Amino acid sequence: MTAIIATAVLATIYAIVFVAFASPSRTIQLGLYASFVLGASLLILSYLDLRTGLLLDVITLPLIILGIGYALVSGGSWPLAVAGAGLGYGLVAGLGYVWRRTRGYEGIGLGDAKLLAVGGAWVGAGLIPLILLIASGLGMILALTVLQKPHGADDRGAIPFGPALSLGIWVAWCAGETIFA
């Protein structure tokens, strides 16, 4: 039920942004709209991952397309956005595959791979290391914090990585122009 409500809220946000952008008076720049859509989506994905342990395809897959589309219409490098999405997905999916083969159970889900693909699509392949650095650092802090509490993780000891990835994506998105300027 939480996922349905979150998806409905996100669809409403997308509709409002679309109507505002399609209106004849474009007083707000495309980048501000894009930032709003990305930020709201990352917040909802973080909330869902914390509550359910899931990162929904109905949110992540359109975000990948929107990130590549934004690069295309904003004059950014859409090939770098496509490469970033592929690299982001491939890194996490590959790591998950190796973990599953060596350990016999899932260590990181494909939802996380799709979320890093979102990050790659929005900021390009060059900032994926920054996303991973921030997300891994925050993930380690969360893991150490959760391990101190008796009921912080689920039965397998799993800790949602989506919120850490979301923060890494948001910081990379906000810092992207500054880093390359």
# chains A, B, ... in the order shown; residues from 1 in each chain; ligands from 1
call {"tool": "residues_around", "arguments": {"residues": "Leu43 of chain A", "least_positions_apart": "5", "cutoff": "9 Å", "atoms": "only C-alpha atoms", "output": "mmCIF file with C-alpha atoms, in the first residue's frame"}}
result
data_model
loop_
_atom_site.group_PDB
_atom_site.id
_atom_site.type_symbol
_atom_site.label_atom_id
_atom_site.label_comp_id
_atom_site.auth_asym_id
_atom_site.auth_seq_id
_atom_site.Cartn_x
_atom_site.Cartn_y
_atom_site.Cartn_z
ATOM 1 C CA LEU A 38 15.028 14.189 -9.368
ATOM 2 C CA LEU A 48 10.205 3.201 0.048
ATOM 3 C CA PRO A 163 18.938 6.090 0.746
ATOM 4 C CA SER A 166 20.101 8.643 -3.334
ATOM 5 C CA LEU A 167 22.181 11.024 -1.250
#
call {"tool": "closest_atom_pairs", "arguments": {"of": "segment 58-125 of chain A", "to": "segment 131-144 of chain A", "cutoff": "10 Å", "atoms": "only C-alpha atoms", "output": "Markdown table"}}
result
| residue | atom | partner | partner_atom | distance |
| --- | --- | --- | --- | --- |
| A:Gly88 | CA | A:Leu132 | CA | 9.5 |
| A:Leu116 | CA | A:Ile131 | CA | 8.2 |
| A:Gly119 | CA | A:Ile131 | CA | 7.6 |
| A:Gly120 | CA | A:Ile131 | CA | 8.9 |
| A:Val123 | CA | A:Ile131 | CA | 9.5 |
call {"tool": "residues_around", "arguments": {"residues": "segment 73-78 of chain A", "least_positions_apart": "2", "cutoff": "12 Å", "atoms": "only C-alpha atoms", "output": "MDAnalysis selection string"}}
result
chainID A and resid 29:34 64:71 80:85 120:126 176:177
call {"tool": "residues_around", "arguments": {"residues": "Lys114 of chain A", "least_positions_apart": "2", "cutoff": "12 Å", "atoms": "only C-alpha atoms", "output": "CSV table (one decimal) with N, CA and C atoms, in the first residue's frame"}}
result
chain,number,residue,atom,x,y,z
A,45,LEU,N,12.0,7.3,-3.3
A,45,LEU,CA,12.7,6.0,-3.4
A,45,LEU,C,13.4,5.7,-2.1
A,54,LEU,N,12.4,-2.1,-1.0
A,54,LEU,CA,12.2,-2.2,-2.5
A,54,LEU,C,12.5,-0.8,-3.1
A,55,LEU,N,13.1,-0.9,-4.3
A,55,LEU,CA,13.2,0.3,-5.2
A,55,LEU,C,12.4,0.0,-6.4
A,56,LEU,N,11.3,0.6,-6.6
A,56,LEU,CA,10.3,0.2,-7.6
A,56,LEU,C,10.7,0.6,-9.0
A,57,ASP,N,10.6,-0.4,-9.9
A,57,ASP,CA,10.9,-0.1,-11.4
A,57,ASP,C,10.0,1.0,-11.9
A,58,VAL,N,8.8,1.1,-11.4
A,58,VAL,CA,7.9,2.1,-11.9
A,58,VAL,C,8.4,3.5,-11.7
A,59,ILE,N,9.3,3.7,-10.8
A,59,ILE,CA,10.0,5.0,-10.5
A,59,ILE,C,11.4,5.0,-11.1
A,60,THR,N,12.2,4.0,-10.9
A,60,THR,CA,13.6,4.0,-11.4
A,60,THR,C,13.7,4.1,-12.9
A,61,LEU,N,12.9,3.2,-13.6
A,61,LEU,CA,13.1,3.2,-15.0
A,61,LEU,C,12.7,4.5,-15.7
A,62,PRO,N,11.6,5.1,-15.4
A,62,PRO,CA,11.3,6.4,-16.0
A,62,PRO,C,12.4,7.5,-15.6
A,63,LEU,N,13.0,7.4,-14.4
A,63,LEU,CA,14.0,8.3,-14.1
A,63,LEU,C,15.2,8.2,-14.9
A,64,ILE,N,15.6,6.9,-15.3
A,64,ILE,CA,16.7,6.7,-16.2
A,64,ILE,C,16.4,7.4,-17.6
A,65,ILE,N,15.2,7.2,-18.1
A,65,ILE,CA,14.8,7.9,-19.4
A,65,ILE,C,14.8,9.4,-19.2
A,84,GLY,N,26.7,6.4,-18.6
A,84,GLY,CA,26.6,6.5,-17.1
A,84,GLY,C,25.5,5.5,-16.6
A,85,ALA,N,24.4,5.5,-17.3
A,85,ALA,CA,23.3,4.5,-16.9
A,85,ALA,C,23.8,3.1,-17.0
A,86,GLY,N,24.4,2.8,-18.2
A,86,GLY,CA,24.9,1.4,-18.4
A,86,GLY,C,26.0,1.1,-17.4
A,87,LEU,N,26.9,2.0,-17.1
A,87,LEU,CA,28.0,1.7,-16.2
A,87,LEU,C,27.5,1.5,-14.8
A,88,GLY,N,26.6,2.4,-14.4
A,88,GLY,CA,26.0,2.4,-13.0
A,88,GLY,C,25.3,1.0,-12.8
A,89,TYR,N,24.5,0.6,-13.8
A,89,TYR,CA,23.7,-0.6,-13.6
A,89,TYR,C,24.7,-1.8,-13.6
A,90,GLY,N,25.7,-1.8,-14.6
A,90,GLY,CA,26.6,-2.9,-14.7
A,90,GLY,C,27.5,-3.1,-13.5
A,91,LEU,N,27.9,-2.0,-12.9
A,91,LEU,CA,28.8,-2.1,-11.7
A,91,LEU,C,28.1,-2.8,-10.5
A,92,VAL,N,26.9,-2.4,-10.2
A,92,VAL,CA,26.1,-2.9,-9.1
A,92,VAL,C,25.6,-4.3,-9.4
A,93,ALA,N,25.1,-4.5,-10.6
A,93,ALA,CA,24.6,-5.8,-11.0
A,93,ALA,C,25.7,-6.8,-11.0
A,108,ILE,N,23.2,-7.5,-2.7
A,108,ILE,CA,22.7,-6.2,-3.2
A,108,ILE,C,21.7,-6.5,-4.3
A,109,GLY,N,20.6,-5.8,-4.3
A,109,GLY,CA,19.6,-6.1,-5.3
A,109,GLY,C,19.7,-5.3,-6.6
A,110,LEU,N,18.9,-5.8,-7.6
A,110,LEU,CA,18.9,-5.1,-8.8
A,110,LEU,C,18.2,-3.7,-8.7
A,111,GLY,N,17.4,-3.5,-7.7
A,111,GLY,CA,16.9,-2.2,-7.5
A,111,GLY,C,18.0,-1.1,-7.3
A,112,ASP,N,19.0,-1.5,-6.5
A,112,ASP,CA,20.2,-0.7,-6.3
A,112,ASP,C,20.9,-0.4,-7.6
A,116,LEU,N,21.6,3.2,-9.3
A,116,LEU,CA,22.8,3.8,-9.7
A,116,LEU,C,22.8,4.1,-11.2
A,117,ALA,N,22.0,3.4,-12.0
A,117,ALA,CA,21.8,3.7,-13.4
A,117,ALA,C,21.1,5.1,-13.5
A,118,VAL,N,20.2,5.3,-12.6
A,118,VAL,CA,19.5,6.6,-12.5
A,118,VAL,C,20.6,7.7,-12.3
A,119,GLY,N,21.5,7.5,-11.4
A,119,GLY,CA,22.5,8.4,-11.1
A,119,GLY,C,23.4,8.7,-12.3
A,120,GLY,N,23.8,7.6,-12.9
A,120,GLY,CA,24.6,7.7,-14.1
A,120,GLY,C,23.9,8.4,-15.3
A,121,ALA,N,22.6,8.2,-15.4
A,121,ALA,CA,21.9,8.9,-16.5
A,121,ALA,C,21.8,10.4,-16.2
A,162,GLY,N,19.5,2.1,-0.8
A,162,GLY,CA,18.9,3.1,-1.6
A,162,GLY,C,19.0,4.5,-1.1
A,165,LEU,N,22.6,5.7,-1.7
A,165,LEU,CA,22.8,6.0,-3.1
A,165,LEU,C,22.1,7.2,-3.5
A,166,SER,N,20.9,7.4,-3.0
A,166,SER,CA,20.1,8.6,-3.3
A,166,SER,C,20.9,9.9,-2.9
call {"tool": "atom_distance", "arguments": {"atom1": "atom CA of Glu106 of chain A", "atom2": "atom CA of Ile5 of chain A"}}
result
27.6 Å
call {"tool": "atom_distance", "arguments": {"atom1": "atom CA of Tyr47 of chain A", "atom2": "atom CA of Trp170 of chain A"}}
result
14.9 Å
call {"tool": "select_by_dssp", "arguments": {"residues": "segment 5-177 of chain A", "states": "alpha helix (DSSP H)", "output": "number ranges by chain"}}
result
A: 5-22, 30-52, 57-73, 78-103, 110-123, 128-148, 162-177
call {"tool": "decode", "arguments": {"residues": "segment 54-94 of chain A", "atoms": "N, CA and C atoms", "output": "mmCIF file, in the first residue's frame"}}
result
data_model
loop_
_atom_site.group_PDB
_atom_site.id
_atom_site.type_symbol
_atom_site.label_atom_id
_atom_site.label_comp_id
_atom_site.auth_asym_id
_atom_site.auth_seq_id
_atom_site.Cartn_x
_atom_site.Cartn_y
_atom_site.Cartn_z
ATOM 1 N N LEU A 54 12.365 -2.124 -1.020
ATOM 2 C CA LEU A 54 12.224 -2.202 -2.472
ATOM 3 C C LEU A 54 12.454 -0.844 -3.120
ATOM 4 N N LEU A 55 13.064 -0.873 -4.286
ATOM 5 C CA LEU A 55 13.185 0.297 -5.150
ATOM 6 C C LEU A 55 12.390 -0.037 -6.414
ATOM 7 N N LEU A 56 11.268 0.604 -6.577
ATOM 8 C CA LEU A 56 10.309 0.213 -7.605
ATOM 9 C C LEU A 56 10.746 0.597 -9.019
ATOM 10 N N ASP A 57 10.596 -0.360 -9.938
ATOM 11 C CA ASP A 57 10.893 -0.108 -11.350
ATOM 12 C C ASP A 57 10.023 1.007 -11.918
ATOM 13 N N VAL A 58 8.803 1.122 -11.425
ATOM 14 C CA VAL A 58 7.881 2.127 -11.936
ATOM 15 C C VAL A 58 8.404 3.543 -11.674
ATOM 16 N N ILE A 59 9.348 3.670 -10.760
ATOM 17 C CA ILE A 59 9.978 4.965 -10.491
ATOM 18 C C ILE A 59 11.380 5.030 -11.097
ATOM 19 N N THR A 60 12.178 3.979 -10.909
ATOM 20 C CA THR A 60 13.575 4.043 -11.363
ATOM 21 C C THR A 60 13.702 4.052 -12.890
ATOM 22 N N LEU A 61 12.939 3.224 -13.569
ATOM 23 C CA LEU A 61 13.096 3.150 -15.027
ATOM 24 C C LEU A 61 12.717 4.460 -15.732
ATOM 25 N N PRO A 62 11.586 5.104 -15.370
ATOM 26 C CA PRO A 62 11.322 6.417 -15.982
ATOM 27 C C PRO A 62 12.383 7.455 -15.637
ATOM 28 N N LEU A 63 12.959 7.363 -14.442
ATOM 29 C CA LEU A 63 14.012 8.314 -14.069
ATOM 30 C C LEU A 63 15.248 8.164 -14.942
ATOM 31 N N ILE A 64 15.558 6.939 -15.337
ATOM 32 C CA ILE A 64 16.694 6.731 -16.246
ATOM 33 C C ILE A 64 16.411 7.434 -17.572
ATOM 34 N N ILE A 65 15.215 7.224 -18.090
ATOM 35 C CA ILE A 65 14.831 7.853 -19.359
ATOM 36 C C ILE A 65 14.807 9.375 -19.225
ATOM 37 N N LEU A 66 14.270 9.883 -18.119
ATOM 38 C CA LEU A 66 14.235 11.333 -17.896
ATOM 39 C C LEU A 66 15.642 11.917 -17.801
ATOM 40 N N GLY A 67 16.565 11.200 -17.159
ATOM 41 C CA GLY A 67 17.935 11.686 -17.060
ATOM 42 C C GLY A 67 18.605 11.798 -18.418
ATOM 43 N N ILE A 68 18.418 10.791 -19.237
ATOM 44 C CA ILE A 68 18.982 10.831 -20.593
ATOM 45 C C ILE A 68 18.285 11.916 -21.407
ATOM 46 N N GLY A 69 16.960 12.025 -21.248
ATOM 47 C CA GLY A 69 16.209 13.070 -21.947
ATOM 48 C C GLY A 69 16.643 14.460 -21.531
ATOM 49 N N TYR A 70 16.889 14.631 -20.238
ATOM 50 C CA TYR A 70 17.355 15.933 -19.758
ATOM 51 C C TYR A 70 18.702 16.284 -20.396
ATOM 52 N N ALA A 71 19.603 15.324 -20.457
ATOM 53 C CA ALA A 71 20.904 15.574 -21.091
ATOM 54 C C ALA A 71 20.710 15.972 -22.552
ATOM 55 N N LEU A 72 19.764 15.356 -23.205
ATOM 56 C CA LEU A 72 19.501 15.629 -24.619
ATOM 57 C C LEU A 72 18.952 17.042 -24.822
ATOM 58 N N VAL A 73 17.950 17.445 -24.054
ATOM 59 C CA VAL A 73 17.312 18.746 -24.274
ATOM 60 C C VAL A 73 18.062 19.907 -23.630
ATOM 61 N N SER A 74 18.914 19.624 -22.662
ATOM 62 C CA SER A 74 19.627 20.709 -21.981
ATOM 63 C C SER A 74 20.972 21.019 -22.628
ATOM 64 N N GLY A 75 21.309 20.297 -23.662
ATOM 65 C CA GLY A 75 22.598 20.520 -24.303
ATOM 66 C C GLY A 75 23.729 19.761 -23.643
ATOM 67 N N GLY A 76 23.392 18.866 -22.737
ATOM 68 C CA GLY A 76 24.403 18.026 -22.101
ATOM 69 C C GLY A 76 24.831 16.910 -23.038
ATOM 70 N N SER A 77 25.672 16.054 -22.565
ATOM 71 C CA SER A 77 26.157 14.949 -23.381
ATOM 72 C C SER A 77 25.289 13.723 -23.146
ATOM 73 N N TRP A 78 24.329 13.495 -24.046
ATOM 74 C CA TRP A 78 23.463 12.327 -23.863
ATOM 75 C C TRP A 78 24.225 11.021 -24.020
ATOM 76 N N PRO A 79 25.296 10.944 -24.841
ATOM 77 C CA PRO A 79 26.053 9.683 -24.844
ATOM 78 C C PRO A 79 26.698 9.385 -23.483
ATOM 79 N N LEU A 80 27.152 10.427 -22.773
ATOM 80 C CA LEU A 80 27.693 10.201 -21.427
ATOM 81 C C LEU A 80 26.594 9.787 -20.454
ATOM 82 N N ALA A 81 25.386 10.295 -20.660
ATOM 83 C CA ALA A 81 24.261 9.893 -19.817
ATOM 84 C C ALA A 81 23.921 8.425 -20.047
ATOM 85 N N VAL A 82 23.909 8.014 -21.308
ATOM 86 C CA VAL A 82 23.640 6.602 -21.633
ATOM 87 C C VAL A 82 24.753 5.720 -21.072
ATOM 88 N N ALA A 83 25.999 6.159 -21.263
ATOM 89 C CA ALA A 83 27.133 5.396 -20.724
ATOM 90 C C ALA A 83 27.075 5.338 -19.202
ATOM 91 N N GLY A 84 26.696 6.436 -18.566
ATOM 92 C CA GLY A 84 26.580 6.465 -17.118
ATOM 93 C C GLY A 84 25.517 5.510 -16.615
ATOM 94 N N ALA A 85 24.379 5.470 -17.308
ATOM 95 C CA ALA A 85 23.311 4.543 -16.910
ATOM 96 C C ALA A 85 23.783 3.098 -17.045
ATOM 97 N N GLY A 86 24.426 2.798 -18.156
ATOM 98 C CA GLY A 86 24.925 1.428 -18.366
ATOM 99 C C GLY A 86 26.009 1.052 -17.373
ATOM 100 N N LEU A 87 26.932 1.977 -17.130
ATOM 101 C CA LEU A 87 28.015 1.714 -16.186
ATOM 102 C C LEU A 87 27.478 1.548 -14.765
ATOM 103 N N GLY A 88 26.561 2.435 -14.374
ATOM 104 C CA GLY A 88 25.988 2.352 -13.035
ATOM 105 C C GLY A 88 25.272 1.032 -12.809
ATOM 106 N N TYR A 89 24.458 0.644 -13.777
ATOM 107 C CA TYR A 89 23.738 -0.623 -13.643
ATOM 108 C C TYR A 89 24.724 -1.790 -13.632
ATOM 109 N N GLY A 90 25.659 -1.772 -14.561
ATOM 110 C CA GLY A 90 26.608 -2.873 -14.696
ATOM 111 C C GLY A 90 27.478 -3.081 -13.469
ATOM 112 N N LEU A 91 27.925 -1.986 -12.860
ATOM 113 C CA LEU A 91 28.777 -2.107 -11.668
ATOM 114 C C LEU A 91 28.054 -2.815 -10.530
ATOM 115 N N VAL A 92 26.853 -2.352 -10.220
ATOM 116 C CA VAL A 92 26.137 -2.924 -9.075
ATOM 117 C C VAL A 92 25.598 -4.311 -9.401
ATOM 118 N N ALA A 93 25.070 -4.490 -10.609
ATOM 119 C CA ALA A 93 24.559 -5.812 -10.981
ATOM 120 C C ALA A 93 25.694 -6.835 -11.008
ATOM 121 N N GLY A 94 26.865 -6.425 -11.510
ATOM 122 C CA GLY A 94 28.017 -7.317 -11.527
ATOM 123 C C GLY A 94 28.483 -7.671 -10.128
#
